[in-house]
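Structure file structure-v1.csv; described as CSV, C-alpha atoms.
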chain,number,residue,atom,x,y,z
Y,1,THR,CA,-6.7,74.6,-1.6
Y,2,MET,CA,-2.9,74.6,-1.4
Y,3,GLU,CA,-1.2,73.9,1.9
Y,4,ASP,CA,0.1,76.8,3.9
Y,5,ILE,CA,3.7,77.4,4.3
Y,6,SER,CA,4.8,79.0,7.5
Y,7,MET,CA,7.6,81.6,7.1
Y,8,ALA,CA,8.7,80.6,10.6
Y,9,GLU,CA,10.2,77.5,9.0
Y,10,SER,CA,13.8,77.6,7.9
Y,11,PRO,CA,14.3,78.2,4.2
Y,12,ALA,CA,17.0,75.6,4.3
Y,13,ALA,CA,14.6,73.0,5.4
Y,14,PRO,CA,11.5,73.3,3.2
Y,15,SER,CA,8.2,72.6,4.8
Y,16,PRO,CA,6.5,69.2,4.2
Y,17,ALA,CA,3.9,71.0,2.0
Y,18,VAL,CA,6.6,72.0,-0.5
Y,19,SER,CA,8.8,68.9,-0.2
Y,20,ALA,CA,5.8,66.7,-0.9
Y,21,LYS,CA,5.4,68.5,-4.3
Y,22,MET,CA,8.8,67.3,-5.3
Y,23,SER,CA,7.8,63.6,-5.0
Y,24,PHE,CA,6.2,62.7,-8.3
Y,25,PRO,CA,6.7,60.0,-11.0
Y,26,SER,CA,8.3,60.4,-14.5
Y,27,SER,CA,11.2,62.3,-13.2
Y,28,ILE,CA,14.9,61.9,-12.5
Y,29,SER,CA,16.6,63.1,-9.4
Y,30,LEU,CA,19.7,65.2,-10.1
Y,31,GLY,CA,20.6,65.5,-6.5
Y,32,SER,CA,20.7,68.8,-4.6
Y,33,CYS,CA,22.8,71.9,-4.3
Y,34,ILE,CA,22.7,75.5,-3.0
Y,35,GLY,CA,21.7,74.7,0.6
Y,36,GLY,CA,20.2,71.3,-0.1
Y,37,VAL,CA,17.6,72.5,-2.7
Y,38,PRO,CA,16.6,69.3,-4.6
Y,39,ILE,CA,16.6,69.2,-8.4
Y,40,LYS,CA,14.5,67.0,-10.6
Y,41,LEU,CA,14.4,66.5,-14.3
Y,42,HIS,CA,11.0,65.6,-15.8
Y,43,LEU,CA,11.3,63.0,-18.6
Y,44,SER,CA,9.4,65.3,-20.9
Y,45,PHE,CA,12.3,67.7,-20.8
Y,46,PHE,CA,13.7,65.6,-23.7
Y,47,LEU,CA,10.7,66.5,-26.0
Y,48,LEU,CA,12.4,69.6,-27.5
Y,49,LEU,CA,15.6,67.7,-28.0
Y,50,LEU,CA,13.7,64.9,-29.7
Y,51,ILE,CA,11.9,67.4,-32.1
Y,52,GLU,CA,15.1,69.1,-33.1
Y,53,PHE,CA,17.0,65.7,-33.4
Y,54,ILE,CA,14.3,64.4,-35.8
Y,55,SER,CA,14.5,67.6,-37.8
Y,56,SER,CA,18.3,67.3,-38.1
Y,57,ILE,CA,18.1,63.8,-39.6
Y,58,ARG,CA,17.5,65.3,-43.1
Y,59,LEU,CA,20.9,66.9,-43.0
Y,60,ALA,CA,22.8,64.0,-41.5
Y,61,ALA,CA,24.1,62.7,-44.8
Y,62,ASP,CA,25.8,65.9,-45.8
Y,63,TYR,CA,26.5,67.3,-42.3
Y,64,PRO,CA,26.8,64.5,-39.7
Y,65,LEU,CA,28.1,66.8,-37.0
Y,66,TYR,CA,24.9,68.8,-37.1
Y,67,MET,CA,23.1,65.9,-35.3
Y,68,LEU,CA,25.8,66.1,-32.5
Y,69,PHE,CA,25.4,69.8,-32.4
Y,70,VAL,CA,21.7,69.5,-31.8
Y,71,VAL,CA,22.2,66.9,-29.0
Y,72,VAL,CA,24.7,69.2,-27.3
Y,73,LEU,CA,22.8,72.4,-27.7
Y,74,TYR,CA,19.4,71.1,-26.7
Y,75,GLY,CA,20.8,68.7,-24.2
Y,76,PRO,CA,23.5,69.8,-21.7
Y,77,VAL,CA,23.7,73.4,-22.8
Y,78,LEU,CA,20.0,74.1,-22.6
Y,79,LEU,CA,19.8,72.1,-19.3
Y,80,LEU,CA,22.5,74.2,-17.6
Y,81,THR,CA,21.0,77.4,-19.0
Y,82,ILE,CA,17.6,76.7,-17.5
Y,83,LEU,CA,19.1,75.5,-14.3
Y,84,VAL,CA,21.1,78.7,-13.8
Y,85,HIS,CA,17.9,80.6,-14.6
Y,86,GLU,CA,15.9,78.8,-12.0
Y,87,PHE,CA,18.6,79.3,-9.3
Y,88,GLY,CA,18.4,83.0,-10.0
Y,89,HIS,CA,14.8,82.7,-8.7
Y,90,VAL,CA,16.0,80.5,-5.8
Y,91,PHE,CA,18.7,83.0,-4.7
Y,92,ALA,CA,16.3,85.9,-5.0
Y,93,THR,CA,13.6,84.1,-3.0
Y,94,LYS,CA,16.0,83.2,-0.2
Y,95,ARG,CA,17.3,86.8,-0.1
Y,96,GLN,CA,13.7,88.1,0.2
Y,97,GLY,CA,13.0,85.7,3.1
Y,98,GLY,CA,10.9,83.2,1.1
Y,99,GLU,CA,11.2,79.4,1.2
Y,100,VAL,CA,12.5,77.1,-1.5
Y,101,GLY,CA,11.3,73.6,-1.9
Y,102,GLY,CA,13.2,72.6,-5.1
Y,103,VAL,CA,13.6,72.9,-8.8
Y,104,VAL,CA,11.9,70.9,-11.5
Y,105,LEU,CA,13.0,71.1,-15.1
Y,106,TRP,CA,10.7,70.3,-18.1
Y,107,PRO,CA,10.5,71.2,-21.8
Y,108,LEU,CA,9.0,74.6,-21.5
Y,109,GLY,CA,11.5,75.7,-18.9
Y,110,GLY,CA,11.6,75.0,-15.2
Y,111,PHE,CA,9.8,75.4,-11.9
Y,112,ALA,CA,11.4,77.0,-8.9
Y,113,LEU,CA,9.2,75.8,-6.1
Y,114,CYS,CA,9.3,78.8,-3.9
Y,115,GLY,CA,7.2,80.0,-1.0
Y,116,PRO,CA,6.0,83.6,-0.4
Y,117,THR,CA,8.1,86.7,-0.1
Y,118,GLU,CA,7.1,89.5,2.2
Y,119,SER,CA,6.0,92.1,-0.4
Y,120,LEU,CA,5.1,92.8,-4.0
Y,121,SER,CA,8.5,94.4,-4.5
Y,122,GLY,CA,10.0,91.1,-3.3
Y,123,GLU,CA,7.9,89.1,-5.8
Y,124,LEU,CA,9.0,91.5,-8.5
Y,125,LYS,CA,12.7,91.0,-7.7
Y,126,VAL,CA,12.2,87.2,-7.7
Y,127,ALA,CA,10.5,87.3,-11.1
Y,128,LEU,CA,13.2,89.4,-12.6
Y,129,ALA,CA,16.1,87.4,-11.1
Y,130,GLY,CA,15.6,84.4,-13.5
Y,131,PRO,CA,15.7,86.2,-16.8
Y,132,LEU,CA,18.6,88.5,-15.7
Y,133,THR,CA,20.8,85.4,-15.2
Y,134,HIS,CA,20.9,85.1,-19.0
Y,135,ILE,CA,23.0,88.3,-19.3
Y,136,PRO,CA,26.2,86.9,-17.6
Y,137,GLN,CA,25.5,83.5,-19.3
Y,138,MET,CA,25.4,85.3,-22.7
Y,139,PHE,CA,28.7,87.0,-22.0
Y,140,PHE,CA,30.2,83.7,-20.9
Y,141,TRP,CA,29.4,82.1,-24.2
Y,142,TRP,CA,30.5,85.1,-26.1
Y,143,MET,CA,33.9,84.9,-24.5
Y,144,ILE,CA,34.2,81.3,-25.5
Y,145,TYR,CA,33.1,82.2,-29.0
Y,146,LEU,CA,35.8,84.9,-29.3
Y,147,LEU,CA,38.5,82.4,-27.9
Y,148,VAL,CA,37.5,79.7,-30.4
Y,149,LYS,CA,37.1,82.3,-33.2
Y,150,TYR,CA,40.8,83.3,-32.8
Y,151,GLU,CA,41.9,79.7,-33.5
Y,152,PHE,CA,39.4,79.3,-36.3
Y,153,ASP,CA,40.6,82.5,-38.0
Y,154,MET,CA,44.1,81.1,-38.1
Y,155,THR,CA,42.7,78.6,-40.7
Y,156,GLY,CA,42.0,81.6,-43.0
Y,157,ASN,CA,38.2,81.6,-42.4
Y,158,VAL,CA,37.8,85.0,-40.8
Y,159,THR,CA,34.5,85.5,-39.0
Y,160,GLY,CA,32.8,88.4,-37.3
Y,161,ILE,CA,33.3,89.5,-33.7
Y,162,TRP,CA,29.6,88.9,-33.0
Y,163,PRO,CA,28.1,85.5,-33.7
Y,164,SER,CA,25.6,85.1,-36.5
Y,165,PHE,CA,22.1,84.0,-35.7
Y,166,SER,CA,22.3,81.5,-38.6
Y,167,ILE,CA,23.9,78.1,-38.1
Y,168,PHE,CA,26.7,77.7,-40.6
Y,169,LEU,CA,26.9,74.1,-41.4
Y,170,LYS,CA,30.1,74.3,-43.4
Y,171,THR,CA,31.9,76.2,-40.6
Y,172,MET,CA,30.7,73.5,-38.1
Y,173,SER,CA,32.0,70.8,-40.3
Y,174,THR,CA,35.6,72.2,-40.6
Y,175,GLY,CA,36.7,70.6,-37.3
Y,176,PRO,CA,36.6,71.2,-33.5
Y,177,ALA,CA,37.3,74.9,-33.7
Y,178,GLY,CA,34.5,75.5,-36.2
Y,179,PHE,CA,32.1,73.2,-34.3
Y,180,PHE,CA,32.6,74.9,-30.9
Y,181,GLN,CA,32.5,78.4,-32.5
Y,182,VAL,CA,29.1,77.7,-33.9
Y,183,LEU,CA,27.9,76.0,-30.7
Y,184,ALA,CA,29.1,79.0,-28.6
Y,185,GLY,CA,27.5,81.4,-31.0
Y,186,GLU,CA,24.2,79.7,-30.8
Y,187,ALA,CA,24.4,79.5,-27.0
Y,188,VAL,CA,24.8,83.3,-27.0
Y,189,TRP,CA,21.6,83.7,-29.0
Y,190,LEU,CA,19.9,81.1,-26.9
Y,191,ASN,CA,20.4,83.2,-23.8
Y,192,ILE,CA,19.4,86.4,-25.6
Y,193,ILE,CA,16.2,84.8,-26.8
Y,194,LEU,CA,15.3,83.3,-23.4
Y,195,CYS,CA,16.0,86.6,-21.6
Y,196,GLY,CA,13.9,88.6,-24.0
Y,197,PHE,CA,11.2,86.1,-24.2
Y,198,ASN,CA,10.8,85.8,-20.4
Y,199,LEU,CA,11.4,89.4,-19.6
Y,200,CYS,CA,9.8,91.4,-22.3
Y,201,ILE,CA,6.6,89.5,-23.1
Y,202,PRO,CA,4.0,90.4,-20.5
Y,203,ALA,CA,2.2,87.0,-20.8
Y,204,TYR,CA,1.3,85.1,-17.6
Y,205,PRO,CA,2.7,82.7,-16.5
Y,206,LEU,CA,6.0,83.7,-18.0
Y,207,ASP,CA,8.3,85.8,-15.9
Y,208,GLY,CA,7.3,88.9,-17.8
Y,209,GLY,CA,3.7,88.2,-17.0
Y,210,ARG,CA,4.4,88.1,-13.3
Y,211,VAL,CA,6.5,91.2,-13.5
Y,212,PHE,CA,3.6,92.9,-15.4
Y,213,ALA,CA,1.1,91.8,-12.7
Y,214,ALA,CA,3.3,92.9,-9.8
Y,215,ALA,CA,4.1,96.2,-11.5
Y,216,LEU,CA,0.4,97.0,-12.1
Y,217,MET,CA,-0.3,96.6,-8.4
Y,218,LEU,CA,3.0,98.1,-7.1
Y,219,LYS,CA,3.4,101.0,-9.4
Y,220,LEU,CA,-0.1,101.8,-10.7
Y,221,LYS,CA,-1.9,100.7,-7.5
Y,222,VAL,CA,-4.3,98.6,-9.5
Y,223,GLU,CA,-6.4,96.4,-7.2
Y,224,PRO,CA,-5.8,92.6,-7.4
Y,225,LEU,CA,-8.9,91.5,-9.3
Y,226,LYS,CA,-8.4,94.1,-12.0
Y,227,ALA,CA,-4.7,93.4,-12.2
Y,228,ALA,CA,-5.5,89.7,-12.7
Y,229,PHE,CA,-8.0,90.5,-15.4
Y,230,VAL,CA,-5.6,92.8,-17.3
Y,231,THR,CA,-2.8,90.3,-17.0
Y,232,ALA,CA,-5.0,87.4,-18.2
Y,233,MET,CA,-6.4,89.3,-21.2
Y,234,THR,CA,-3.0,90.6,-22.2
Y,235,ALA,CA,-1.5,87.1,-22.0
Y,236,MET,CA,-4.4,85.6,-24.0
Y,237,ALA,CA,-4.0,88.1,-26.8
Y,238,ILE,CA,-0.2,87.5,-27.0
Y,239,SER,CA,-0.6,83.7,-26.8
Y,240,ALA,CA,-3.2,83.8,-29.6
Y,241,PHE,CA,-0.7,85.7,-31.8
Y,242,MET,CA,2.0,83.1,-30.9
Y,243,VAL,CA,-0.2,80.2,-32.0
Y,244,ALA,CA,-1.3,82.0,-35.2
Y,245,TYR,CA,2.4,82.8,-36.0
Y,246,ALA,CA,3.4,79.2,-35.3
Y,247,ILE,CA,0.7,77.9,-37.7
Y,248,VAL,CA,1.9,80.2,-40.5
Y,249,ARG,CA,5.5,79.3,-39.9
Y,250,LEU,CA,4.6,75.6,-39.9
Y,251,PHE,CA,3.6,75.9,-43.6
Y,252,THR,CA,6.4,78.3,-44.7
Y,253,GLY,CA,9.4,76.7,-43.0
Y,254,GLY,CA,10.9,76.3,-39.6
Y,255,ALA,CA,8.7,73.4,-38.6
Y,256,SER,CA,10.5,72.5,-35.4
Y,257,PHE,CA,10.6,76.0,-34.0
Y,258,SER,CA,7.0,76.5,-35.0
Y,259,LEU,CA,5.9,73.4,-33.1
Y,260,TYR,CA,7.7,74.5,-29.9
Y,261,LEU,CA,6.4,78.1,-30.2
Y,262,GLY,CA,2.9,76.8,-30.7
Y,263,LEU,CA,3.1,74.6,-27.6
Y,264,VAL,CA,4.3,77.5,-25.5
Y,265,GLY,CA,1.4,79.6,-26.9
Y,266,LEU,CA,-1.2,77.0,-26.1
Y,267,TYR,CA,0.3,76.6,-22.6
Y,268,VAL,CA,0.2,80.4,-22.0
Y,269,PHE,CA,-3.4,80.6,-23.3
Y,270,HIS,CA,-4.7,77.8,-21.1
Y,271,GLU,CA,-3.2,79.2,-18.0
Y,272,SER,CA,-4.4,82.7,-18.8
Y,273,PHE,CA,-7.9,81.4,-19.6
Y,274,GLU,CA,-7.9,79.7,-16.2
Y,275,LEU,CA,-6.9,83.0,-14.5
Y,276,ASN,CA,-9.6,84.9,-16.4
Y,277,SER,CA,-12.2,82.3,-15.3
Y,278,ALA,CA,-11.1,82.8,-11.7
Y,279,VAL,CA,-11.6,86.6,-12.1
Y,280,LYS,CA,-15.1,86.1,-13.5
Y,281,ARG,CA,-15.9,83.9,-10.5
Y,282,ASN,CA,-14.3,86.5,-8.2
Y,283,ASP,CA,-12.3,83.7,-6.7
Y,284,LEU,CA,-8.6,84.4,-6.7
Y,285,LYS,CA,-7.9,83.1,-3.2
Y,286,ASN,CA,-7.1,79.7,-4.6
Y,287,HIS,CA,-5.1,80.8,-7.5
Y,288,PRO,CA,-1.4,79.7,-7.3
Y,289,ILE,CA,-0.1,83.3,-7.8
Y,290,PHE,CA,-2.9,85.8,-7.2
Y,291,GLY,CA,-4.1,83.8,-4.3
Y,292,GLY,CA,-1.0,84.6,-2.3
Y,293,LYS,CA,-1.7,86.9,0.6
Y,294,VAL,CA,0.8,89.5,-0.6
Y,295,TYR,CA,-1.3,89.8,-3.8
Y,296,GLN,CA,-4.6,89.6,-2.0
Y,297,SER,CA,-3.5,92.4,0.3
Y,298,GLY,CA,-2.4,94.6,-2.6
Y,299,GLY,CA,1.3,94.3,-1.5
Y,300,ALA,CA,1.1,94.7,2.2
Y,301,ASN,CA,3.5,92.7,4.3
Y,302,SER,CA,1.7,89.4,4.8
Y,303,ALA,CA,4.1,86.6,4.7
Y,304,SER,CA,3.0,85.1,8.0
Y,305,SER,CA,1.2,81.8,8.0
Y,306,SER,CA,-2.6,81.5,7.6
Y,307,SER,CA,-5.1,78.8,6.9
Y,308,ASP,CA,-7.0,80.4,4.1
Y,309,GLY,CA,-5.9,80.6,0.5
Y,310,GLY,CA,-2.7,79.3,-1.1
Y,311,ASP,CA,0.6,80.7,0.2
Y,312,LEU,CA,2.8,79.5,-2.6
Y,313,THR,CA,2.8,83.0,-4.2
Y,314,MET,CA,5.5,82.0,-6.7
Y,315,ALA,CA,3.6,78.8,-7.5
Y,316,GLU,CA,2.6,78.4,-11.1
Y,317,VAL,CA,0.1,76.8,-13.3
Y,318,SER,CA,-0.7,73.3,-14.2
Y,319,ALA,CA,2.1,71.5,-15.9
Y,320,PRO,CA,1.8,68.3,-18.0
Y,321,ALA,CA,0.4,65.2,-16.4
Y,322,ASP,CA,2.4,64.6,-13.3
Y,323,ILE,CA,4.4,67.9,-12.9
Y,324,PRO,CA,3.2,69.6,-9.7
Y,325,ALA,CA,1.2,72.8,-10.1
Y,326,GLU,CA,4.0,75.0,-8.7
Y,327,GLU,CA,6.0,78.0,-9.8
Y,328,GLY,CA,7.1,77.5,-13.3
Y,329,VAL,CA,9.6,79.9,-14.8
Y,330,MET,CA,10.0,79.7,-18.6
Y,331,ALA,CA,13.7,79.5,-19.8
Would you put the structure from the file into structure tokens?
Amino acid sequence: TMEDISMAESPAAPSPAVSAKMSFPSSISLGSCIGGVPIKLHLSFFLLLLIEFISSIRLAADYPLYMLFVVVLYGPVLLLTILVHEFGHVFATKRQGGEVGGVVLWPLGGFALCGPTESLSGELKVALAGPLTHIPQMFFWWMIYLLVKYEFDMTGNVTGIWPSFSIFLKTMSTGPAGFFQVLAGEAVWLNIILCGFNLCIPAYPLDGGRVFAAALMLKLKVEPLKAAFVTAMTAMAISAFMVAYAIVRLFTGGASFSLYLGLVGLYVFHESFELNSAVKRNDLKNHPIFGGKVYQSGGANSASSSSDGGDLTMAEVSAPADIPAEEGVMA
């Protein structure tokens, strides 16, 4: 079972149970911020960057700047985007009276290691907080796009006020203005996709899955076991479609995107299958999310310390190898 976290402890000083989860190999410490919350970068974070970089090599001869574009977009831009997403969860958790142990970043997004809030409505707000950070991020990059677009249009290459989803290699290769215009445009779409993917797909353990589960219990008054079953089956169906679509795309183009989508689909299916297995055993008390007392009680105020069940209600799923099984928010 997971260690209990007492809500009597100060959120600014995470309990040993949470802090211990931040000590694991194959990661790089990025320091701490926002009230001393530690940040770690798992080495596997660079997997997506590596996939996209290898895919870009075929265009290197004609468009050498494309390789730099891939490194910047899937390196620092994606890293900062996910970090802001995770701190949306962190701020919301602290506001709801929960405890924050740290943030871990890895290829499929990030983990905000958060303790329990006091109600399902609090859990709902925490789950929504991450995806909603992509809205201001999207507008930030759109403003940059418009500023660079003005300079780029002065060269006679007039472009639209809204960035295209396509990557225009010739535009990127015209110079700094063209490069940053395409980069800002793709960053706009990156945030739109991550927001929609996390918010609109009711697949556990994505944010949308946790919103779906909390809403079932909070709004429809579905009892915990049934809510877990519906959440698991919905996520398994969606993840199966994701994997099938990825396989089709793999043979019809878009190999790098297909590989990433397929990995996400397999990850979602595995975690949902584990949740469904726990439902069949009628054993949710040790589940990282549904084992939280706020879920077990059907949403009653139950944030106080106890010795049975796991209290990391925002904990999430098994991550690869040495990533702790804590709350993982996809970005």
- Pairwise distance, atom CA of Phe91 of chain Y with atom CA of Leu124 of chain Y, equals 13.4 Å
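Around segment 239-254 of chain Y, within 10 Å and counting all atoms listed in the file, the residues found are Ser55, Ile201, Ala203, Tyr204, Met233, Tyr260, Leu261, Gly262, Leu263, Val264, Gly265, Leu266, Tyr267, Val268, Phe269, His270 and Ser272 of chain Y, once anything fewer than 6 positions away on its own chain is removed.
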Restricting the output to C-alpha atoms, write the selected residues as a compact mmCIF listing (two decimals), in the coordinates of the input.
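This went into result.txt:
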# COMPACT_ATOMS: atom_id res chain seq x y z
CA SER Y 55 14.50 67.60 -37.80
CA ILE Y 201 6.60 89.50 -23.10
CA ALA Y 203 2.20 87.00 -20.80
CA TYR Y 204 1.30 85.10 -17.60
CA MET Y 233 -6.40 89.30 -21.20
CA TYR Y 260 7.70 74.50 -29.90
CA LEU Y 261 6.40 78.10 -30.20
CA GLY Y 262 2.90 76.80 -30.70
CA LEU Y 263 3.10 74.60 -27.60
CA VAL Y 264 4.30 77.50 -25.50
CA GLY Y 265 1.40 79.60 -26.90
CA LEU Y 266 -1.20 77.00 -26.10
CA TYR Y 267 0.30 76.60 -22.60
CA VAL Y 268 0.20 80.40 -22.00
CA PHE Y 269 -3.40 80.60 -23.30
CA HIS Y 270 -4.70 77.80 -21.10
CA SER Y 272 -4.40 82.70 -18.80
- Go through Y:Pro163, Y:Pro205, Y:Gly36, Y:Pro176 one by one, measure the shortest atom-to-atom distance of each to Phe111 of chain Y using all atoms listed in the file, and give the residue with the smallest value.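 Of all the options, Y:Pro205 lies closest to Phe111 of chain Y.
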Need the axis-aligned box for segment 242-249 of chain Y with 8 Å each side, so what are the centre and edges in Å to one decimal, as JSON?
{"center_x": 2.1, "center_y": 80.5, "center_z": -35.7, "size_x": 22.8, "size_y": 21.2, "size_z": 25.6}
- Item | Distance query segment 275-280 of chain Y at most 12 Å, all atoms listed in the file, self and fewer than 6 positions along chain excluded, as a list in words |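 Using all atoms listed in the file, the neighbours found are Ala203, Tyr204, Pro205, Pro224, Leu225, Lys226, Ala227, Ala228, Phe229, Val230, Thr231, Ala232, Met233, Thr234, Ala235, Met236, Val268, Phe269, Asn286, His287, Pro288, Ile289, Phe290, Gly291, Glu316, Val317 and Ser318 of chain Y.
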Put those residues in a file: C-alpha atoms, as a compact mmCIF listing (two decimals), in the coordinates of the input.
# COMPACT_ATOMS: atom_id res chain seq x y z
CA ALA Y 203 2.20 87.00 -20.80
CA TYR Y 204 1.30 85.10 -17.60
CA PRO Y 205 2.70 82.70 -16.50
CA PRO Y 224 -5.80 92.60 -7.40
CA LEU Y 225 -8.90 91.50 -9.30
CA LYS Y 226 -8.40 94.10 -12.00
CA ALA Y 227 -4.70 93.40 -12.20
CA ALA Y 228 -5.50 89.70 -12.70
CA PHE Y 229 -8.00 90.50 -15.40
CA VAL Y 230 -5.60 92.80 -17.30
CA THR Y 231 -2.80 90.30 -17.00
CA ALA Y 232 -5.00 87.40 -18.20
CA MET Y 233 -6.40 89.30 -21.20
CA THR Y 234 -3.00 90.60 -22.20
CA ALA Y 235 -1.50 87.10 -22.00
CA MET Y 236 -4.40 85.60 -24.00
CA VAL Y 268 0.20 80.40 -22.00
CA PHE Y 269 -3.40 80.60 -23.30
CA ASN Y 286 -7.10 79.70 -4.60
CA HIS Y 287 -5.10 80.80 -7.50
CA PRO Y 288 -1.40 79.70 -7.30
CA ILE Y 289 -0.10 83.30 -7.80
CA PHE Y 290 -2.90 85.80 -7.20
CA GLY Y 291 -4.10 83.80 -4.30
CA GLU Y 316 2.60 78.40 -11.10
CA VAL Y 317 0.10 76.80 -13.30
CA SER Y 318 -0.70 73.30 -14.20
- Just how far from atom CA of Ile34 of chain Y is atom CA of Arg210 of chain Y, in Å to one decimal?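 Computing the Euclidean distance for atom CA of Arg210 of chain Y and atom CA of Ile34 of chain Y yields 24.5 Å.
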- Query: Expressed in Å to a single decimal, how great is the separation between atom CA of Phe168 of chain Y and atom CA of Gln137 of chain Y?
  - Reply: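 Between atom CA of Phe168 of chain Y and atom CA of Gln137 of chain Y the gap is 22.1 Å.
Counting all atoms listed in the file, the residue from Y:Leu78, Y:Ile135, Y:Ile144, Y:Ala127 that sits nearest to Gly196 of chain Y is Y:Ile135.
Proximity to Leu105 of chain Y was assessed for Y:Asn191, Y:Ser27, Y:Asn198, Y:Ser258 counting all atoms listed in the file; the smallest distance is recorded for Y:Ser27.
Using all atoms listed in the file, the shortest contact distance between Tyr295 of chain Y and any of Y:Phe165, Y:Phe46, Y:Thr174, Y:Leu120 is found at Y:Leu120.
Using all atoms listed in the file, the protein and nucleic acid residues lying no more than 8 Å from Val126 of chain Y, apart from those fewer than 2 places from it along its own chain, are Gly88, His89, Val90, Ala92, Thr93, Gly122, Glu123, Leu124, Leu128, Ala129 and Gly130 of chain Y.
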- Message: Could you check the closest approach to Ile39 of chain Y for each of Y:Asp62, Y:Glu86, Y:Asp283, Y:Glu52 and tell me which residue wins, using only C-alpha atoms?
- Response: Y:Glu86
